[in-house]
There are 2 protein chains.
Amino acid sequence: MAGARQFDESQVLDAMMRVFWEKGFEATSIDDLVRATGLQRGSLYNAFGDKAAMFCRALRLYQDEVHASHLHALRGDDPREALTRLFQLQLKSARDARQPRGCMLSDARRICHRLPTTAATETRAAADELEGALFAMFERARAAGRLAATADCRALARFYAAVARGVAGTEPGPLEDIARIGVALLEAA
Amino acid sequence: MAGARQFDESQVLDAMMRVFWEKGFEATSIDDLVRATGLQRGSLYNAFGDKAAMFCRALRLYQDEVHASHLHALRGDDPREALTRLFQLQLKSARDARQPRGCMLSDARRICHRLPTTAATETRAAADELEGALFAMFERARAAGRLAATADCRALARFYAAVARGVAGTEPGPLEDIARIGVALLEAA
DNA sequence: ACGATCCTTGACCGATCGGTCAAAGCACCT
DNA sequence: AGGTGCTTTGACCGATCGGTCAAGGATCGT
């Protein structure tokens, strides 16, 4: 019954991530995690620490598996292509019934003042990454002449980051509309 | 000590609304409401019913006091003016330290599947009102020739509703940027 | 004056919360 | 073979959760 680890840590982390992603930090109970992972309470605490630490590990997995692809979509210096890629990723997530709706990061950001200090700063930093990536992309675009020299890259980044936050939980149909408008408006400017 | 109501119901409702607005439905405990209102548990339950009913009443007050002004901002057929008014309202809220950050409605929308049926449908309906008001405004604008005849009013409404959701909790500085871009992009199109 | 009715109060309920711990067991090192 | 060090297990902890209720007091109609 014991001696060495009886479980695959990455599988367990994946299960924990899905629960936190779906229900958020506060609404997720340890019993939820027990059910989802198949592990016992003691094993969870022994392996990860307390609830905040479990959330942190789950959040880090989310960053690596989900958020990283969003940041990667913003590569290059063509804002139209970059935004299209980002919206396409979000559309794919929205259409995938296996994936929880919403964004684990922006949910975490909103409640991070109730998290322990280290978890809070980590969450804040991660949540600000998208705006940073958007800003960098717009700056590359301006340098490449694909954006007016007078364009306010910071403001554009903040705007599209707000759009990205705002589409969390949206159904695929409306999300298609939003993506189309998001790209069209940028082209018009 | 008793006999007739010892409290001003509207004052109590206002206090409850602020708590629910700040912390959300799940993270708000009855004891939080007891502290915020000054009433005892029994009085709260006697006056309003259960926690979901308290939330409903608070949400209705939010609609009347806060959300209604947002819908009113979208009057007329000039999309530039309407959006500017909406963003100005949000900026004013963000600058007002007495008001909680974020939007009680979009927060409620996200967790409404955990509410009782009646509260859930009420919440959903209220949360969809902004997109409806945006749609109506864009249609008036198109009829008045202020928007291209080919403009997709539904898509535009969905897009700006997403922006409005996405700015929840944003600091005044970034919000100014977002408002400026939001209006500028529409003008360019 | 006197019930009837409503409100307030504070104790109380079972359930669940996050977290702990001793007992027991397996695996590895020497 | 026999410790040693880890994991697993399930019972257990105090705190808090949403919700209830009997007791008691104030107000009103009659």
# chains A, B, ... in the order shown; residues from 1 in each chain; ligands from 1

$ residues_around --residues "Gln63 in chain B" --least-positions-apart "4" --cutoff "10 Å" --atoms "only C-alpha atoms (C1' of nucleotides)" --output "PDB file with all heavy atoms, in the first residue's frame"
ATOM      1  N   ARG B  57     -31.753  39.928  -4.470  1.00  0.00           N
ATOM      2  CA  ARG B  57     -32.157  41.290  -4.134  1.00  0.00           C
ATOM      3  C   ARG B  57     -31.001  42.258  -4.345  1.00  0.00           C
ATOM      4  O   ARG B  57     -31.167  43.356  -4.869  1.00  0.00           O
ATOM      5  CB  ARG B  57     -32.636  41.358  -2.685  1.00  0.00           C
ATOM      6  CG  ARG B  57     -33.903  40.566  -2.407  1.00  0.00           C
ATOM      7  CD  ARG B  57     -35.091  41.225  -3.086  1.00  0.00           C
ATOM      8  NE  ARG B  57     -35.267  42.602  -2.657  1.00  0.00           N
ATOM      9  CZ  ARG B  57     -35.964  42.972  -1.596  1.00  0.00           C
ATOM     10  NH1 ARG B  57     -36.568  42.056  -0.872  1.00  0.00           N
ATOM     11  NH2 ARG B  57     -36.076  44.243  -1.276  1.00  0.00           N
ATOM     12  N   ALA B  58     -29.805  41.842  -3.930  1.00  0.00           N
ATOM     13  CA  ALA B  58     -28.634  42.699  -4.106  1.00  0.00           C
ATOM     14  C   ALA B  58     -28.352  42.922  -5.589  1.00  0.00           C
ATOM     15  O   ALA B  58     -28.020  44.036  -6.009  1.00  0.00           O
ATOM     16  CB  ALA B  58     -27.418  42.066  -3.431  1.00  0.00           C
ATOM     17  N   LEU B  59     -28.524  41.854  -6.366  1.00  0.00           N
ATOM     18  CA  LEU B  59     -28.273  41.964  -7.802  1.00  0.00           C
ATOM     19  C   LEU B  59     -29.270  42.910  -8.449  1.00  0.00           C
ATOM     20  O   LEU B  59     -28.920  43.698  -9.338  1.00  0.00           O
ATOM     21  CB  LEU B  59     -28.364  40.567  -8.435  1.00  0.00           C
ATOM     22  CG  LEU B  59     -27.842  40.450  -9.859  1.00  0.00           C
ATOM     23  CD1 LEU B  59     -26.354  40.750  -9.893  1.00  0.00           C
ATOM     24  CD2 LEU B  59     -28.110  39.054 -10.409  1.00  0.00           C
ATOM     25  N   HIS B  67     -26.093  49.197 -13.306  1.00  0.00           N
ATOM     26  CA  HIS B  67     -26.178  48.705 -14.676  1.00  0.00           C
ATOM     27  C   HIS B  67     -27.116  49.565 -15.520  1.00  0.00           C
ATOM     28  O   HIS B  67     -26.846  49.785 -16.710  1.00  0.00           O
ATOM     29  CB  HIS B  67     -26.658  47.251 -14.644  1.00  0.00           C
ATOM     30  CG  HIS B  67     -26.435  46.519 -15.915  1.00  0.00           C
ATOM     31  ND1 HIS B  67     -25.183  46.406 -16.497  1.00  0.00           N
ATOM     32  CD2 HIS B  67     -27.290  45.858 -16.731  1.00  0.00           C
ATOM     33  CE1 HIS B  67     -25.293  45.708 -17.603  1.00  0.00           C
ATOM     34  NE2 HIS B  67     -26.550  45.361 -17.781  1.00  0.00           N
ATOM     35  N   ALA B  68     -28.180  50.051 -14.908  1.00  0.00           N
ATOM     36  CA  ALA B  68     -29.138  50.852 -15.662  1.00  0.00           C
ATOM     37  C   ALA B  68     -28.468  52.076 -16.276  1.00  0.00           C
ATOM     38  O   ALA B  68     -28.775  52.460 -17.405  1.00  0.00           O
ATOM     39  CB  ALA B  68     -30.292  51.283 -14.753  1.00  0.00           C
ATOM     40  N   SER B  69     -27.522  52.668 -15.545  1.00  0.00           N
ATOM     41  CA  SER B  69     -26.844  53.853 -16.083  1.00  0.00           C
ATOM     42  C   SER B  69     -25.978  53.479 -17.283  1.00  0.00           C
ATOM     43  O   SER B  69     -25.833  54.260 -18.223  1.00  0.00           O
ATOM     44  CB  SER B  69     -26.002  54.517 -14.998  1.00  0.00           C
ATOM     45  OG  SER B  69     -24.902  53.692 -14.660  1.00  0.00           O
ATOM     46  N   HIS B  70     -25.421  52.264 -17.254  1.00  0.00           N
ATOM     47  CA  HIS B  70     -24.626  51.818 -18.397  1.00  0.00           C
ATOM     48  C   HIS B  70     -25.505  51.654 -19.635  1.00  0.00           C
ATOM     49  O   HIS B  70     -25.135  52.043 -20.743  1.00  0.00           O
ATOM     50  CB  HIS B  70     -23.928  50.492 -18.069  1.00  0.00           C
ATOM     51  CG  HIS B  70     -22.860  50.619 -17.040  1.00  0.00           C
ATOM     52  ND1 HIS B  70     -22.001  49.599 -16.730  1.00  0.00           N
ATOM     53  CD2 HIS B  70     -22.492  51.639 -16.235  1.00  0.00           C
ATOM     54  CE1 HIS B  70     -21.166  49.983 -15.781  1.00  0.00           C
ATOM     55  NE2 HIS B  70     -21.456  51.226 -15.467  1.00  0.00           N
ATOM     56  N   LEU B  71     -26.683  51.055 -19.414  1.00  0.00           N
ATOM     57  CA  LEU B  71     -27.601  50.894 -20.545  1.00  0.00           C
ATOM     58  C   LEU B  71     -28.044  52.266 -21.059  1.00  0.00           C
ATOM     59  O   LEU B  71     -28.123  52.490 -22.270  1.00  0.00           O
ATOM     60  CB  LEU B  71     -28.821  50.065 -20.107  1.00  0.00           C
ATOM     61  CG  LEU B  71     -28.514  48.652 -19.609  1.00  0.00           C
ATOM     62  CD1 LEU B  71     -29.804  47.938 -19.230  1.00  0.00           C
ATOM     63  CD2 LEU B  71     -27.738  47.859 -20.654  1.00  0.00           C
ATOM     64  N   MET B 104     -20.419  43.317 -10.906  1.00  0.00           N
ATOM     65  CA  MET B 104     -21.156  42.292 -10.169  1.00  0.00           C
ATOM     66  C   MET B 104     -21.887  41.354 -11.117  1.00  0.00           C
ATOM     67  O   MET B 104     -22.002  40.157 -10.861  1.00  0.00           O
ATOM     68  CB  MET B 104     -22.154  42.974  -9.237  1.00  0.00           C
ATOM     69  CG  MET B 104     -22.821  42.018  -8.275  1.00  0.00           C
ATOM     70  SD  MET B 104     -23.927  42.865  -7.147  1.00  0.00           S
ATOM     71  CE  MET B 104     -24.768  41.460  -6.422  1.00  0.00           C
ATOM     72  N   LEU B 105     -22.355  41.911 -12.246  1.00  0.00           N
ATOM     73  CA  LEU B 105     -23.146  41.101 -13.165  1.00  0.00           C
ATOM     74  C   LEU B 105     -22.314  40.044 -13.878  1.00  0.00           C
ATOM     75  O   LEU B 105     -22.704  38.882 -13.958  1.00  0.00           O
ATOM     76  CB  LEU B 105     -23.803  42.003 -14.205  1.00  0.00           C
ATOM     77  CG  LEU B 105     -25.254  42.351 -13.957  1.00  0.00           C
ATOM     78  CD1 LEU B 105     -25.774  43.265 -15.026  1.00  0.00           C
ATOM     79  CD2 LEU B 105     -26.088  41.088 -13.874  1.00  0.00           C
ATOM     80  N   ALA B 126     -30.065  39.450 -17.096  1.00  0.00           N
ATOM     81  CA  ALA B 126     -29.493  40.763 -16.800  1.00  0.00           C
ATOM     82  C   ALA B 126     -28.137  40.935 -17.470  1.00  0.00           C
ATOM     83  O   ALA B 126     -27.808  42.005 -17.995  1.00  0.00           O
ATOM     84  CB  ALA B 126     -29.362  40.941 -15.293  1.00  0.00           C
ATOM     85  N   ALA B 127     -27.346  39.855 -17.457  1.00  0.00           N
ATOM     86  CA  ALA B 127     -26.005  39.957 -18.021  1.00  0.00           C
ATOM     87  C   ALA B 127     -26.039  40.127 -19.534  1.00  0.00           C
ATOM     88  O   ALA B 127     -25.123  40.702 -20.124  1.00  0.00           O
ATOM     89  CB  ALA B 127     -25.191  38.710 -17.650  1.00  0.00           C
TER      90      ALA B 127
END

$ interface_residues --of "chain C" --to "chain B" --cutoff "10 Å" --atoms "only C-alpha atoms (C1' of nucleotides)" --output "PyMOL selection string"
chain C and resi 5-10

$ write_last_selection --atoms "all heavy atoms" --output "short mmCIF file (atom, residue, chain, number, x, y, z; two decimals), in the first residue's frame"
data_model
loop_
_atom_site.label_atom_id
_atom_site.label_comp_id
_atom_site.auth_asym_id
_atom_site.auth_seq_id
_atom_site.Cartn_x
_atom_site.Cartn_y
_atom_site.Cartn_z
P DT C 5 -52.90 35.86 14.50
OP1 DT C 5 -53.70 35.73 13.26
OP2 DT C 5 -52.36 34.66 15.17
"O5'" DT C 5 -51.71 36.87 14.21
"C5'" DT C 5 -51.99 38.26 13.99
"C4'" DT C 5 -50.69 39.03 13.81
"O4'" DT C 5 -50.14 39.39 15.11
"C3'" DT C 5 -49.59 38.23 13.09
"O3'" DT C 5 -49.06 39.03 12.05
"C2'" DT C 5 -48.57 37.95 14.18
"C1'" DT C 5 -48.74 39.16 15.08
N1 DT C 5 -48.29 38.96 16.49
C2 DT C 5 -47.57 39.95 17.12
O2 DT C 5 -47.29 41.00 16.57
N3 DT C 5 -47.20 39.66 18.41
C4 DT C 5 -47.47 38.51 19.12
O4 DT C 5 -47.09 38.36 20.28
C5 DT C 5 -48.22 37.51 18.40
C7 DT C 5 -48.57 36.21 19.08
C6 DT C 5 -48.59 37.78 17.14
P DC C 6 -48.26 38.34 10.82
OP1 DC C 6 -48.85 38.81 9.55
OP2 DC C 6 -48.15 36.89 11.10
"O5'" DC C 6 -46.82 38.99 10.97
"C5'" DC C 6 -46.70 40.41 10.98
"C4'" DC C 6 -45.54 40.83 11.86
"O4'" DC C 6 -45.73 40.33 13.20
"C3'" DC C 6 -44.17 40.29 11.44
"O3'" DC C 6 -43.41 41.35 10.85
"C2'" DC C 6 -43.52 39.80 12.73
"C1'" DC C 6 -44.47 40.30 13.82
N1 DC C 6 -44.53 39.40 15.00
C2 DC C 6 -44.01 39.84 16.22
O2 DC C 6 -43.51 40.98 16.30
N3 DC C 6 -44.04 39.01 17.30
C4 DC C 6 -44.59 37.80 17.19
N4 DC C 6 -44.62 37.02 18.28
C5 DC C 6 -45.14 37.34 15.96
C6 DC C 6 -45.08 38.16 14.90
P DC C 7 -41.98 41.01 10.26
OP1 DC C 7 -41.74 41.99 9.18
OP2 DC C 7 -41.89 39.57 10.00
"O5'" DC C 7 -41.02 41.37 11.47
"C5'" DC C 7 -41.07 42.67 12.04
"C4'" DC C 7 -40.08 42.75 13.20
"O4'" DC C 7 -40.55 41.89 14.27
"C3'" DC C 7 -38.68 42.30 12.84
"O3'" DC C 7 -37.76 43.33 13.16
"C2'" DC C 7 -38.43 41.05 13.68
"C1'" DC C 7 -39.48 41.14 14.78
N1 DC C 7 -40.03 39.81 15.18
C2 DC C 7 -39.89 39.36 16.50
O2 DC C 7 -39.29 40.07 17.31
N3 DC C 7 -40.40 38.15 16.83
C4 DC C 7 -41.04 37.42 15.93
N4 DC C 7 -41.53 36.24 16.31
C5 DC C 7 -41.20 37.86 14.59
C6 DC C 7 -40.68 39.05 14.25
P DT C 8 -36.20 43.09 12.91
OP1 DT C 8 -35.62 44.43 12.71
OP2 DT C 8 -36.05 42.04 11.89
"O5'" DT C 8 -35.67 42.53 14.30
"C5'" DT C 8 -35.80 43.33 15.47
"C4'" DT C 8 -35.18 42.59 16.66
"O4'" DT C 8 -35.96 41.40 16.92
"C3'" DT C 8 -33.73 42.14 16.47
"O3'" DT C 8 -32.95 42.65 17.54
"C2'" DT C 8 -33.81 40.62 16.45
"C1'" DT C 8 -35.09 40.34 17.24
N1 DT C 8 -35.81 39.08 16.88
C2 DT C 8 -36.04 38.14 17.85
O2 DT C 8 -35.67 38.27 19.01
N3 DT C 8 -36.73 37.02 17.42
C4 DT C 8 -37.20 36.78 16.14
O4 DT C 8 -37.81 35.75 15.87
C5 DT C 8 -36.92 37.81 15.17
C7 DT C 8 -37.38 37.64 13.74
C6 DT C 8 -36.25 38.90 15.58
P DT C 9 -31.37 42.63 17.48
OP1 DT C 9 -30.91 43.88 18.12
OP2 DT C 9 -30.98 42.30 16.09
"O5'" DT C 9 -30.97 41.42 18.41
"C5'" DT C 9 -31.65 41.25 19.66
"C4'" DT C 9 -31.47 39.84 20.16
"O4'" DT C 9 -32.39 38.96 19.49
"C3'" DT C 9 -30.08 39.23 19.93
"O3'" DT C 9 -29.41 39.19 21.17
"C2'" DT C 9 -30.36 37.86 19.33
"C1'" DT C 9 -31.86 37.66 19.55
N1 DT C 9 -32.58 36.86 18.52
C2 DT C 9 -33.26 35.74 18.91
O2 DT C 9 -33.30 35.35 20.07
N3 DT C 9 -33.92 35.07 17.90
C4 DT C 9 -33.95 35.43 16.55
O4 DT C 9 -34.57 34.77 15.73
C5 DT C 9 -33.21 36.63 16.21
C7 DT C 9 -33.18 37.10 14.79
C6 DT C 9 -32.58 37.28 17.21
P DG C 10 -27.82 39.11 21.19
OP1 DG C 10 -27.34 39.86 22.36
OP2 DG C 10 -27.29 39.40 19.84
"O5'" DG C 10 -27.60 37.56 21.49
"C5'" DG C 10 -28.37 36.94 22.49
"C4'" DG C 10 -28.31 35.44 22.33
"O4'" DG C 10 -29.18 35.01 21.26
"C3'" DG C 10 -26.92 34.88 21.96
"O3'" DG C 10 -26.72 33.68 22.68
"C2'" DG C 10 -27.04 34.61 20.48
"C1'" DG C 10 -28.48 34.15 20.39
N9 DG C 10 -29.07 34.24 19.06
C8 DG C 10 -28.71 35.12 18.07
N7 DG C 10 -29.42 34.96 16.97
C5 DG C 10 -30.29 33.93 17.28
C6 DG C 10 -31.30 33.31 16.49
O6 DG C 10 -31.64 33.58 15.34
N1 DG C 10 -31.95 32.30 17.20
C2 DG C 10 -31.67 31.93 18.47
N2 DG C 10 -32.40 30.94 18.98
N3 DG C 10 -30.74 32.50 19.22
C4 DG C 10 -30.08 33.47 18.56
#

$ closest_residue --among "B:Arg124, B:Arg165, B:Arg180, B:Arg140" --to "chain A" --atoms "only C-alpha atoms"
B:Arg165

$ closest_atom_pairs --of "chain D" --to "chain A" --cutoff "12 Å" --atoms "only C-alpha atoms (C1' of nucleotides)" --output "tab-separated table"
residue	atom	partner	partner_atom	distance
D:DT4	C1'	A:Gly3	CA	11.5
D:DG5	C1'	A:Gly3	CA	8.6
D:DC6	C1'	A:Gly3	CA	5.6
D:DT7	C1'	A:Ala2	CA	4.6
D:DT8	C1'	A:Ala2	CA	5.1
D:DT9	C1'	A:Gln40	CA	7.5
D:DG10	C1'	A:Gln40	CA	8.9
D:DA11	C1'	A:Gly42	CA	11.5

$ closest_atom_pairs --of "chain A" --to "chain B" --cutoff "10 Å" --atoms "only C-alpha atoms" --output "Markdown table"
| residue | atom | partner | partner_atom | distance |
| --- | --- | --- | --- | --- |
| A:Lys23 | CA | B:Ile111 | CA | 8.6 |
| A:Gly24 | CA | B:Ile111 | CA | 9.9 |
| A:Glu26 | CA | B:Ala27 | CA | 7.0 |
| A:Ala27 | CA | B:Glu26 | CA | 7.0 |
| A:Arg101 | CA | B:Arg110 | CA | 9.7 |
| A:Gly102 | CA | B:Arg110 | CA | 8.7 |
| A:Ser106 | CA | B:Gly166 | CA | 9.6 |
| A:Asp107 | CA | B:Asp107 | CA | 9.9 |
| A:Arg109 | CA | B:Gly169 | CA | 9.8 |
| A:Arg110 | CA | B:Gly169 | CA | 7.7 |
| A:Ile111 | CA | B:Lys23 | CA | 8.6 |
| A:Asp152 | CA | B:Asp177 | CA | 8.9 |
| A:Arg154 | CA | B:Asp177 | CA | 8.1 |
| A:Ala155 | CA | B:Asp177 | CA | 4.8 |
| A:Leu156 | CA | B:Ile181 | CA | 6.6 |
| A:Ala157 | CA | B:Ile178 | CA | 8.8 |
| A:Arg158 | CA | B:Ile178 | CA | 6.1 |
| A:Phe159 | CA | B:Ile178 | CA | 4.7 |
| A:Tyr160 | CA | B:Val163 | CA | 8.4 |
| A:Ala161 | CA | B:Gly166 | CA | 7.8 |
| A:Ala162 | CA | B:Gly166 | CA | 4.3 |
| A:Val163 | CA | B:Val163 | CA | 4.9 |
| A:Ala164 | CA | B:Gly166 | CA | 7.1 |
| A:Arg165 | CA | B:Gly166 | CA | 4.8 |
| A:Gly166 | CA | B:Gly166 | CA | 3.7 |
| A:Val167 | CA | B:Ala162 | CA | 5.5 |
| A:Ala168 | CA | B:Ala162 | CA | 8.6 |
| A:Gly169 | CA | B:Arg110 | CA | 7.7 |
| A:Thr170 | CA | B:Ala162 | CA | 8.8 |
| A:Gly173 | CA | B:Ala155 | CA | 10.0 |
| A:Pro174 | CA | B:Arg158 | CA | 6.6 |
| A:Leu175 | CA | B:Arg158 | CA | 8.2 |
| A:Glu176 | CA | B:Ala155 | CA | 8.5 |
| A:Asp177 | CA | B:Ala155 | CA | 4.8 |
| A:Ile178 | CA | B:Phe159 | CA | 4.7 |
| A:Ala179 | CA | B:Phe159 | CA | 8.0 |
| A:Arg180 | CA | B:Ala155 | CA | 8.1 |
| A:Ile181 | CA | B:Leu156 | CA | 6.6 |
| A:Gly182 | CA | B:Phe159 | CA | 7.3 |
| A:Ala184 | CA | B:Ala189 | CA | 8.0 |
| A:Leu185 | CA | B:Leu185 | CA | 5.6 |
| A:Leu186 | CA | B:Leu185 | CA | 6.8 |
| A:Glu187 | CA | B:Ala189 | CA | 8.6 |
| A:Ala188 | CA | B:Ala189 | CA | 5.3 |
| A:Ala189 | CA | B:Ala188 | CA | 5.3 |

$ residues_around --residues "Lys51 in chain A" --least-positions-apart "5" --cutoff "12 Å" --atoms "only C-alpha atoms (C1' of nucleotides)" --output "short mmCIF file (atom, residue, chain, number, x, y, z; two decimals) with N, CA and C atoms (P, O5', C5', C4', C3', O3' and C1' of nucleotides), in the first residue's frame"
data_model
loop_
_atom_site.label_atom_id
_atom_site.label_comp_id
_atom_site.auth_asym_id
_atom_site.auth_seq_id
_atom_site.Cartn_x
_atom_site.Cartn_y
_atom_site.Cartn_z
N MET A 16 -5.96 17.92 -11.19
CA MET A 16 -6.15 19.06 -10.29
C MET A 16 -6.36 20.34 -11.09
N PHE A 20 -9.50 23.03 -10.70
CA PHE A 20 -9.29 24.45 -10.37
C PHE A 20 -9.75 25.34 -11.52
N PHE A 25 -10.43 28.76 -7.45
CA PHE A 25 -9.73 28.37 -6.23
C PHE A 25 -10.68 28.19 -5.06
N GLU A 26 -11.52 29.17 -4.82
CA GLU A 26 -12.35 29.16 -3.63
C GLU A 26 -13.40 28.05 -3.66
N ALA A 27 -13.99 27.85 -4.81
CA ALA A 27 -15.10 26.89 -4.90
C ALA A 27 -14.60 25.45 -4.98
N THR A 28 -13.31 25.27 -5.12
CA THR A 28 -12.74 23.92 -5.17
C THR A 28 -12.39 23.46 -3.76
N SER A 29 -12.94 22.33 -3.34
CA SER A 29 -12.61 21.79 -2.03
C SER A 29 -11.58 20.68 -2.18
N ILE A 30 -10.91 20.39 -1.07
CA ILE A 30 -9.94 19.30 -1.11
C ILE A 30 -10.63 18.00 -1.52
N ASP A 31 -11.86 17.80 -1.05
CA ASP A 31 -12.60 16.60 -1.43
C ASP A 31 -12.82 16.54 -2.94
N ASP A 32 -13.05 17.68 -3.56
CA ASP A 32 -13.14 17.70 -5.02
C ASP A 32 -11.87 17.13 -5.64
N LEU A 33 -10.74 17.57 -5.11
CA LEU A 33 -9.46 17.12 -5.65
C LEU A 33 -9.25 15.63 -5.36
N VAL A 34 -9.68 15.20 -4.18
CA VAL A 34 -9.59 13.78 -3.83
C VAL A 34 -10.36 12.94 -4.85
N ARG A 41 -6.65 12.29 0.88
CA ARG A 41 -6.28 13.63 1.38
C ARG A 41 -4.80 13.69 1.75
N LEU A 44 -2.30 13.81 -1.01
CA LEU A 44 -2.27 15.12 -1.67
C LEU A 44 -1.43 16.10 -0.86
N TYR A 45 -1.72 16.18 0.43
CA TYR A 45 -0.99 17.12 1.28
C TYR A 45 0.48 16.74 1.34
N ASN A 46 0.76 15.45 1.42
CA ASN A 46 2.15 15.01 1.48
C ASN A 46 2.91 15.37 0.20
N CYS A 56 -1.02 26.59 -7.02
CA CYS A 56 0.16 27.11 -7.72
C CYS A 56 0.68 26.11 -8.74
N ARG A 57 0.80 24.87 -8.33
CA ARG A 57 1.30 23.85 -9.26
C ARG A 57 0.36 23.70 -10.44
N ALA A 58 -0.94 23.71 -10.16
CA ALA A 58 -1.93 23.59 -11.23
C ALA A 58 -1.83 24.79 -12.17
N LEU A 115 -5.01 34.97 -1.95
CA LEU A 115 -4.01 33.90 -1.97
C LEU A 115 -2.81 34.31 -1.11
N PRO A 116 -2.02 33.32 -0.65
CA PRO A 116 -0.76 33.65 0.04
C PRO A 116 0.13 34.49 -0.87
N ALA A 119 1.96 32.95 -3.97
CA ALA A 119 1.02 32.54 -5.00
C ALA A 119 0.43 33.75 -5.70
P DC C 17 -16.66 20.57 1.26
"O5'" DC C 17 -15.61 21.56 1.93
"C5'" DC C 17 -15.93 22.94 2.06
"C4'" DC C 17 -15.00 23.62 3.05
"C3'" DC C 17 -13.55 23.17 2.96
"O3'" DC C 17 -12.89 23.91 1.96
"C1'" DC C 17 -14.26 23.34 5.24
P DG C 18 -11.60 23.25 1.25
"O5'" DG C 18 -10.43 23.53 2.29
"C5'" DG C 18 -10.14 24.86 2.65
"C4'" DG C 18 -9.13 24.86 3.78
"C3'" DG C 18 -7.79 24.22 3.42
"O3'" DG C 18 -6.73 24.95 4.05
"C1'" DG C 18 -8.77 23.05 5.22
P DG C 19 -5.20 24.49 3.81
"O5'" DG C 19 -4.92 23.49 5.02
"C5'" DG C 19 -5.08 23.97 6.35
"C4'" DG C 19 -4.87 22.84 7.34
"C3'" DG C 19 -3.58 22.01 7.12
"O3'" DG C 19 -2.76 22.17 8.26
"C1'" DG C 19 -5.45 20.63 7.60
#

$ select_by_dssp --residues "range 60-121 of chain A" --states "alpha helix (DSSP H)" --output "ChimeraX atom specification"
/A:60-62,68-73,79-95,104-111,117-121

$ atom_distance --atom1 "CA of Thr118 in chain B" --atom2 "CA of Phe55 in chain B"
11.7 Å

$ atom_distance --atom1 "CA of Ala125 in chain B" --atom2 "CA of His113 in chain B"
13.1 Å

$ closest_residue --among "B:Gly49, B:Pro172, B:Ala133, B:Val12" --to "Leu83 in chain B" --atoms "only C-alpha atoms"
B:Ala133
